[in-house]
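Quick notes on the structure that follows.
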Amino acid sequence: MKQALYRKYRPSDFDKLYGQDNIVNILKNQIKNNNISHAYIFSGTRGTGKTSTAKIFAKAVNCLNPQDGNPCNKCENCKSIIEEKTMDIVEMDAASNRRIDDIRQLRDQVIYPPTTLKYKVYIIDEAHMITNEGFNALLKVMEEPPRHLIFILATTEIEKIPETILSRTQRFEFKSISTNDIKSQIDVILDRENIKIEDRAKDIIANVASGAMRDALSVLDQVISIGKDEITTSEVYDLLGLFSDEIKKAYCKYIFEKDIKGLLSLIDTEIDKGKNPNNFIKEVIQFFKDLIYAKIGIKNLEFSDLINDISLEQLINSVDILLEYEELMKKSDSSDLLFRVASVRLIDFMSRRQMESMIKNLELRVEALEKNEIVVEKKRAPIKVTGTDKIELAEDGSFFSEKIIPKDENEAIEKASDLDNVDTTNVSKEEIIKQTEKQSQSLTNQEISDILLNALSKYPQTEMMLNGLQEVEIHQNRAVLYLDKEAKAMTLGLRAIFNKVEQELKETIKRSFTIETRETKDRNQNKLNQDTIENLKNLFGDDLNIKDKR
């Protein structure tokens, strides 16, 4: 029968242990100085070397020729332990020997001295499984142990060990093993097995292990079973049922481009293939971690260009959301639905600056409502206004007009005096409104833009969009807002507000307008050069008809 890699390549001395340097140094010093304790607790996550360390320690304390705290692995005592021929080293599983009767039997045996070795060593794995009665039975012998006895308790759940036991032992916390240490061990094994695996495939195996060396070697054992001398990354993905870098890159790209349709289509395709959404979210979290490292310059990834225009804040926020939903998915029967919801939430990202601005805006509006006032924002960057007629900005660079849009006839009469050439002296109400409507038909592009933006600013939901407004283009029956990339993304879900503003403009200036939003770069790419248009007109005459197909 083939021996598993994690058993075949179990470290034989302290120097071959990975990732636990601090613990190794302490134990080696204790052995060199003959300062050995009677009881130890090795705690930590699975596959971090607790049992391996216990076995090495058992050999080292009994070695006839220890070398710098390490067992020589050549003397009679070391060989008897390696070949499991001695009865003085006892390994027991507390999961199946947890009752009080089992512990009493153990207690009766430990009082006898070792037969061939210097110390009798009991290695109790999964120690947290021992019952309270069993711990109480063990307590007496741990309190006053014979000089020849050493207890080593290994556990993954230290919180379940009673304080009375903890206080009588030396405790060592084993940390998760780094991916670099796991990859180093993988390289050693592959070299001895004469097998080649692509570097990216090694990264995948190390990441899947999540800090557990035993898990990594178990996965490596599975990969090697393919039976090839050279193994590719795609073969590892297929064997382990994982998602390729291309899939994860496409997933992130849809999120960063705010393409909900493409994102959900990708998820549906992969889940329909039988992929597990719980594994999907784990891999995406790891992928985002790699992107964060690439963003801050710790890692160099071939897909780093994916995050050139993405902030570190958004990447960290995405990981927070994914971790939250990962926990929910573990407890739910609808993990595929939760994964879709989590993915869509990643698209709806709002930076802290945007959030603070929105909160401040809402506070101002609430305060204004409490005082029964209308909030009109005046301090904004000047916005370029273009359209059928060339209109210059106001001298003070103001963004909004001070005019309040009339809501009824009386208000229209009050505000009629604000409009040029409207004489309200000795004129009936109907005539004043008629003159106002006539005046509205001749409003300049700048005035229409001011009215439009003033109407939009009444809604808190448009605040983020207006902050990124670059240009307003007024046509006969439509108004085009050119926004930066971030502001364009904020227009999702604003159609209902646009409809209200369009209706308000229709009632106010008696013209039907459709509000459109576009990204500024689209205008820069598609806009015809005005000089070219003038040259065409000079060539073909003023009757030249240039159609706007945007």
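Residues in the structure tokens are numbered from 1 in each chain, the chains being A, B, ... in the order shown, and ligands are numbered from 1 in the order shown.
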Got a sec: who's within 12 Å of Val24 in chain A, counting only C-alpha atoms, leaving out chain neighbours fewer than 2 positions off, as a PDB file with N, CA, C and O atoms, in the first residue's frame?
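Done, and the output landed in result26.pdb:
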```
ATOM      1  N   ASP A  13      13.278  15.600  12.641  1.00  0.00           N
ATOM      2  CA  ASP A  13      13.901  16.404  13.696  1.00  0.00           C
ATOM      3  C   ASP A  13      13.341  17.822  13.656  1.00  0.00           C
ATOM      4  O   ASP A  13      12.605  18.189  12.745  1.00  0.00           O
ATOM      5  N   PHE A  14      13.701  18.603  14.641  1.00  0.00           N
ATOM      6  CA  PHE A  14      13.134  19.948  14.775  1.00  0.00           C
ATOM      7  C   PHE A  14      13.493  20.856  13.597  1.00  0.00           C
ATOM      8  O   PHE A  14      12.712  21.731  13.221  1.00  0.00           O
ATOM      9  N   ASP A  15      14.676  20.653  13.023  1.00  0.00           N
ATOM     10  CA  ASP A  15      15.137  21.540  11.957  1.00  0.00           C
ATOM     11  C   ASP A  15      14.303  21.402  10.684  1.00  0.00           C
ATOM     12  O   ASP A  15      14.362  22.266   9.811  1.00  0.00           O
ATOM     13  N   LYS A  16      13.556  20.327  10.561  1.00  0.00           N
ATOM     14  CA  LYS A  16      12.754  20.097   9.368  1.00  0.00           C
ATOM     15  C   LYS A  16      11.293  20.514   9.557  1.00  0.00           C
ATOM     16  O   LYS A  16      10.476  20.325   8.662  1.00  0.00           O
ATOM     17  N   LEU A  17      11.012  21.074  10.729  1.00  0.00           N
ATOM     18  CA  LEU A  17       9.663  21.606  10.968  1.00  0.00           C
ATOM     19  C   LEU A  17       9.551  22.989  10.347  1.00  0.00           C
ATOM     20  O   LEU A  17      10.463  23.811  10.476  1.00  0.00           O
ATOM     21  N   TYR A  18       8.434  23.259   9.701  1.00  0.00           N
ATOM     22  CA  TYR A  18       8.222  24.548   9.043  1.00  0.00           C
ATOM     23  C   TYR A  18       7.283  25.436   9.864  1.00  0.00           C
ATOM     24  O   TYR A  18       6.279  24.962  10.408  1.00  0.00           O
ATOM     25  N   GLY A  19       7.633  26.698   9.956  1.00  0.00           N
ATOM     26  CA  GLY A  19       6.701  27.703  10.462  1.00  0.00           C
ATOM     27  C   GLY A  19       6.542  27.796  11.965  1.00  0.00           C
ATOM     28  O   GLY A  19       5.738  28.587  12.441  1.00  0.00           O
ATOM     29  N   GLN A  20       7.309  27.025  12.756  1.00  0.00           N
ATOM     30  CA  GLN A  20       7.153  27.052  14.214  1.00  0.00           C
ATOM     31  C   GLN A  20       8.500  27.301  14.893  1.00  0.00           C
ATOM     32  O   GLN A  20       8.854  26.655  15.884  1.00  0.00           O
ATOM     33  N   ASP A  21       9.262  28.235  14.372  1.00  0.00           N
ATOM     34  CA  ASP A  21      10.639  28.460  14.839  1.00  0.00           C
ATOM     35  C   ASP A  21      10.715  28.786  16.325  1.00  0.00           C
ATOM     36  O   ASP A  21      11.616  28.313  17.032  1.00  0.00           O
ATOM     37  N   ASN A  22       9.805  29.593  16.815  1.00  0.00           N
ATOM     38  CA  ASN A  22       9.847  30.005  18.218  1.00  0.00           C
ATOM     39  C   ASN A  22       9.653  28.812  19.142  1.00  0.00           C
ATOM     40  O   ASN A  22      10.385  28.635  20.135  1.00  0.00           O
ATOM     41  N   ILE A  26      12.535  26.941  21.813  1.00  0.00           N
ATOM     42  CA  ILE A  26      12.286  26.737  23.244  1.00  0.00           C
ATOM     43  C   ILE A  26      12.453  25.265  23.616  1.00  0.00           C
ATOM     44  O   ILE A  26      13.119  24.928  24.618  1.00  0.00           O
ATOM     45  N   LEU A  27      11.873  24.375  22.832  1.00  0.00           N
ATOM     46  CA  LEU A  27      11.951  22.951  23.138  1.00  0.00           C
ATOM     47  C   LEU A  27      13.397  22.434  23.038  1.00  0.00           C
ATOM     48  O   LEU A  27      13.839  21.621  23.866  1.00  0.00           O
ATOM     49  N   LYS A  28      14.130  22.904  22.043  1.00  0.00           N
ATOM     50  CA  LYS A  28      15.528  22.476  21.895  1.00  0.00           C
ATOM     51  C   LYS A  28      16.361  22.949  23.085  1.00  0.00           C
ATOM     52  O   LYS A  28      17.219  22.199  23.599  1.00  0.00           O
ATOM     53  N   ASN A  29      16.119  24.167  23.554  1.00  0.00           N
ATOM     54  CA  ASN A  29      16.856  24.676  24.713  1.00  0.00           C
ATOM     55  C   ASN A  29      16.527  23.886  25.971  1.00  0.00           C
ATOM     56  O   ASN A  29      17.410  23.641  26.810  1.00  0.00           O
ATOM     57  N   GLN A  30      15.270  23.502  26.118  1.00  0.00           N
ATOM     58  CA  GLN A  30      14.894  22.694  27.290  1.00  0.00           C
ATOM     59  C   GLN A  30      15.632  21.359  27.296  1.00  0.00           C
ATOM     60  O   GLN A  30      16.074  20.868  28.340  1.00  0.00           O
ATOM     61  N   ILE A  31      15.741  20.752  26.102  1.00  0.00           N
ATOM     62  CA  ILE A  31      16.424  19.456  25.999  1.00  0.00           C
ATOM     63  C   ILE A  31      17.923  19.621  26.249  1.00  0.00           C
ATOM     64  O   ILE A  31      18.539  18.832  26.991  1.00  0.00           O
ATOM     65  N   PHE A  42       0.036  21.307  23.254  1.00  0.00           N
ATOM     66  CA  PHE A  42       0.279  21.865  21.917  1.00  0.00           C
ATOM     67  C   PHE A  42      -1.085  22.178  21.299  1.00  0.00           C
ATOM     68  O   PHE A  42      -1.865  21.268  21.029  1.00  0.00           O
ATOM     69  N   GLY A  49       1.600  20.822  12.682  1.00  0.00           N
ATOM     70  CA  GLY A  49       2.796  20.156  13.197  1.00  0.00           C
ATOM     71  C   GLY A  49       2.763  19.792  14.659  1.00  0.00           C
ATOM     72  O   GLY A  49       3.817  19.494  15.243  1.00  0.00           O
ATOM     73  N   LYS A  50       1.603  19.764  15.278  1.00  0.00           N
ATOM     74  CA  LYS A  50       1.523  19.465  16.720  1.00  0.00           C
ATOM     75  C   LYS A  50       1.971  18.031  17.011  1.00  0.00           C
ATOM     76  O   LYS A  50       2.838  17.801  17.870  1.00  0.00           O
ATOM     77  N   SER A  52       3.606  15.956  15.001  1.00  0.00           N
ATOM     78  CA  SER A  52       4.986  15.756  14.549  1.00  0.00           C
ATOM     79  C   SER A  52       5.975  16.278  15.577  1.00  0.00           C
ATOM     80  O   SER A  52       6.991  15.631  15.880  1.00  0.00           O
ATOM     81  N   THR A  53       5.686  17.452  16.144  1.00  0.00           N
ATOM     82  CA  THR A  53       6.559  18.032  17.168  1.00  0.00           C
ATOM     83  C   THR A  53       6.591  17.150  18.406  1.00  0.00           C
ATOM     84  O   THR A  53       7.661  16.945  19.016  1.00  0.00           O
ATOM     85  N   ALA A  54       5.438  16.615  18.785  1.00  0.00           N
ATOM     86  CA  ALA A  54       5.365  15.736  19.960  1.00  0.00           C
ATOM     87  C   ALA A  54       6.224  14.491  19.755  1.00  0.00           C
ATOM     88  O   ALA A  54       6.937  14.045  20.673  1.00  0.00           O
ATOM     89  N   ILE A  56       8.835  14.153  17.680  1.00  0.00           N
ATOM     90  CA  ILE A  56      10.249  14.536  17.676  1.00  0.00           C
ATOM     91  C   ILE A  56      10.734  14.784  19.099  1.00  0.00           C
ATOM     92  O   ILE A  56      11.832  14.370  19.486  1.00  0.00           O
ATOM     93  N   PHE A  57       9.908  15.448  19.901  1.00  0.00           N
ATOM     94  CA  PHE A  57      10.262  15.732  21.299  1.00  0.00           C
ATOM     95  C   PHE A  57      10.430  14.430  22.076  1.00  0.00           C
ATOM     96  O   PHE A  57      11.357  14.293  22.896  1.00  0.00           O
ATOM     97  N   ALA A  60      13.725  13.065  21.142  1.00  0.00           N
ATOM     98  CA  ALA A  60      14.845  13.891  21.610  1.00  0.00           C
ATOM     99  C   ALA A  60      15.128  13.686  23.100  1.00  0.00           C
ATOM    100  O   ALA A  60      16.295  13.636  23.504  1.00  0.00           O
ATOM    101  N   ASP A  68      22.463  19.135  19.486  1.00  0.00           N
ATOM    102  CA  ASP A  68      21.922  20.501  19.548  1.00  0.00           C
ATOM    103  C   ASP A  68      20.406  20.482  19.790  1.00  0.00           C
ATOM    104  O   ASP A  68      19.652  21.246  19.191  1.00  0.00           O
ATOM    105  N   GLY A  69      19.976  19.592  20.655  1.00  0.00           N
ATOM    106  CA  GLY A  69      18.563  19.493  20.990  1.00  0.00           C
ATOM    107  C   GLY A  69      17.761  18.611  20.066  1.00  0.00           C
ATOM    108  O   GLY A  69      16.585  18.331  20.324  1.00  0.00           O
ATOM    109  N   ASN A  70      18.357  18.148  18.970  1.00  0.00           N
ATOM    110  CA  ASN A  70      17.678  17.272  18.017  1.00  0.00           C
ATOM    111  C   ASN A  70      17.992  15.809  18.319  1.00  0.00           C
ATOM    112  O   ASN A  70      19.088  15.487  18.802  1.00  0.00           O
ATOM    113  N   PHE A 172       1.958  25.689  24.288  1.00  0.00           N
ATOM    114  CA  PHE A 172       2.565  26.209  23.074  1.00  0.00           C
ATOM    115  C   PHE A 172       1.494  26.322  21.990  1.00  0.00           C
ATOM    116  O   PHE A 172       0.810  25.335  21.684  1.00  0.00           O
ATOM    117  N   GLU A 173       1.352  27.526  21.458  1.00  0.00           N
ATOM    118  CA  GLU A 173       0.345  27.785  20.421  1.00  0.00           C
ATOM    119  C   GLU A 173       1.002  27.703  19.043  1.00  0.00           C
ATOM    120  O   GLU A 173       1.888  28.493  18.718  1.00  0.00           O
ATOM    121  N   PHE A 174       0.556  26.737  18.245  1.00  0.00           N
ATOM    122  CA  PHE A 174       1.090  26.555  16.893  1.00  0.00           C
ATOM    123  C   PHE A 174       0.315  27.439  15.923  1.00  0.00           C
ATOM    124  O   PHE A 174      -0.922  27.368  15.869  1.00  0.00           O
TER     125      PHE A 174
END
```
Polymer residues at most 9 Å from Asn132 in chain A, only C-alpha atoms, same-chain spacing of 3 or more positions, as a PyMOL selection string: chain A and resi 99-100+135-137+162
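Taking only C-alpha atoms, the non-local environment of Lys275 in chain A within 9 Å (same-chain residues fewer than 4 positions away omitted) comprises Gly241, Leu242, Phe243, Glu270, Ile271, Asn279 and Phe280 of chain A.
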Please, could you write that set of residues out with C-alpha atoms as a PDB file, in the first residue's frame?
```pdb
ATOM      1  CA  GLY A 241     -12.826  21.432  -8.991  1.00  0.00           C
ATOM      2  CA  LEU A 242     -11.528  24.971  -8.606  1.00  0.00           C
ATOM      3  CA  PHE A 243     -12.111  28.106 -10.645  1.00  0.00           C
ATOM      4  CA  GLU A 270     -20.139  28.212 -13.547  1.00  0.00           C
ATOM      5  CA  ILE A 271     -22.748  27.012 -11.054  1.00  0.00           C
ATOM      6  CA  ASN A 279     -15.794  27.155  -2.923  1.00  0.00           C
ATOM      7  CA  PHE A 280     -16.354  29.977  -5.407  1.00  0.00           C
TER       8      PHE A 280
END
```
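Nearest to Gln446 in chain A of all the residues A:Ile474, A:Ile130, A:Ile182, A:Leu494 is A:Ile474, based on only C-alpha atoms.
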Sel. of strand (DSSP E or B) residues, range 66-275 of chain A, as a ChimeraX atom specification: /A:67,70,89-93,120-125,149-155,170-174,196-197,230-231
Residues as selected, C-alpha atoms, written as a short mmCIF file (atom, residue, chain, number, x, y, z; two decimals), in the first residue's frame, can you do that?
```cif
data_model
loop_
_atom_site.label_atom_id
_atom_site.label_comp_id
_atom_site.auth_asym_id
_atom_site.auth_seq_id
_atom_site.Cartn_x
_atom_site.Cartn_y
_atom_site.Cartn_z
CA GLN A 67 22.66 16.87 18.70
CA ASN A 70 17.68 17.27 18.02
CA ILE A 89 5.96 5.99 23.81
CA VAL A 90 2.17 5.83 23.81
CA GLU A 91 -0.02 7.63 21.30
CA MET A 92 -3.72 7.67 22.06
CA ASP A 93 -6.72 9.32 20.50
CA LYS A 120 7.63 7.37 29.34
CA VAL A 121 5.86 9.79 26.98
CA TYR A 122 2.10 9.86 26.51
CA ILE A 123 0.92 11.78 23.43
CA ILE A 124 -2.83 12.41 23.73
CA ASP A 125 -4.32 13.71 20.47
CA LEU A 149 6.53 10.58 32.99
CA ILE A 150 5.85 13.24 30.31
CA PHE A 151 2.37 14.16 29.06
CA ILE A 152 1.88 15.92 25.71
CA LEU A 153 -1.70 16.96 24.99
CA ALA A 154 -2.51 18.08 21.42
CA THR A 155 -5.73 19.97 20.70
CA GLN A 170 3.37 24.41 29.51
CA ARG A 171 1.30 25.69 26.63
CA PHE A 172 2.57 26.21 23.07
CA GLU A 173 0.34 27.78 20.42
CA PHE A 174 1.09 26.55 16.89
CA LYS A 196 7.42 18.99 -12.06
CA ILE A 197 4.43 21.25 -11.38
CA GLU A 230 4.85 17.36 -15.60
CA ILE A 231 1.54 18.73 -14.31
#
```
With only C-alpha atoms counted and 7 Å as the cut-off, give the residues of range 23-117 of chain A in contact with range 207-216 of chain A, each with its shortest interatomic distance in Å and the pair that gives it, as a tab-separated table.
```
residue	atom	partner	partner_atom	distance
A:Arg46	CA	A:Ala212	CA	6.2
A:Gly47	CA	A:Ala212	CA	4.4
A:Thr48	CA	A:Ala212	CA	5.3
```
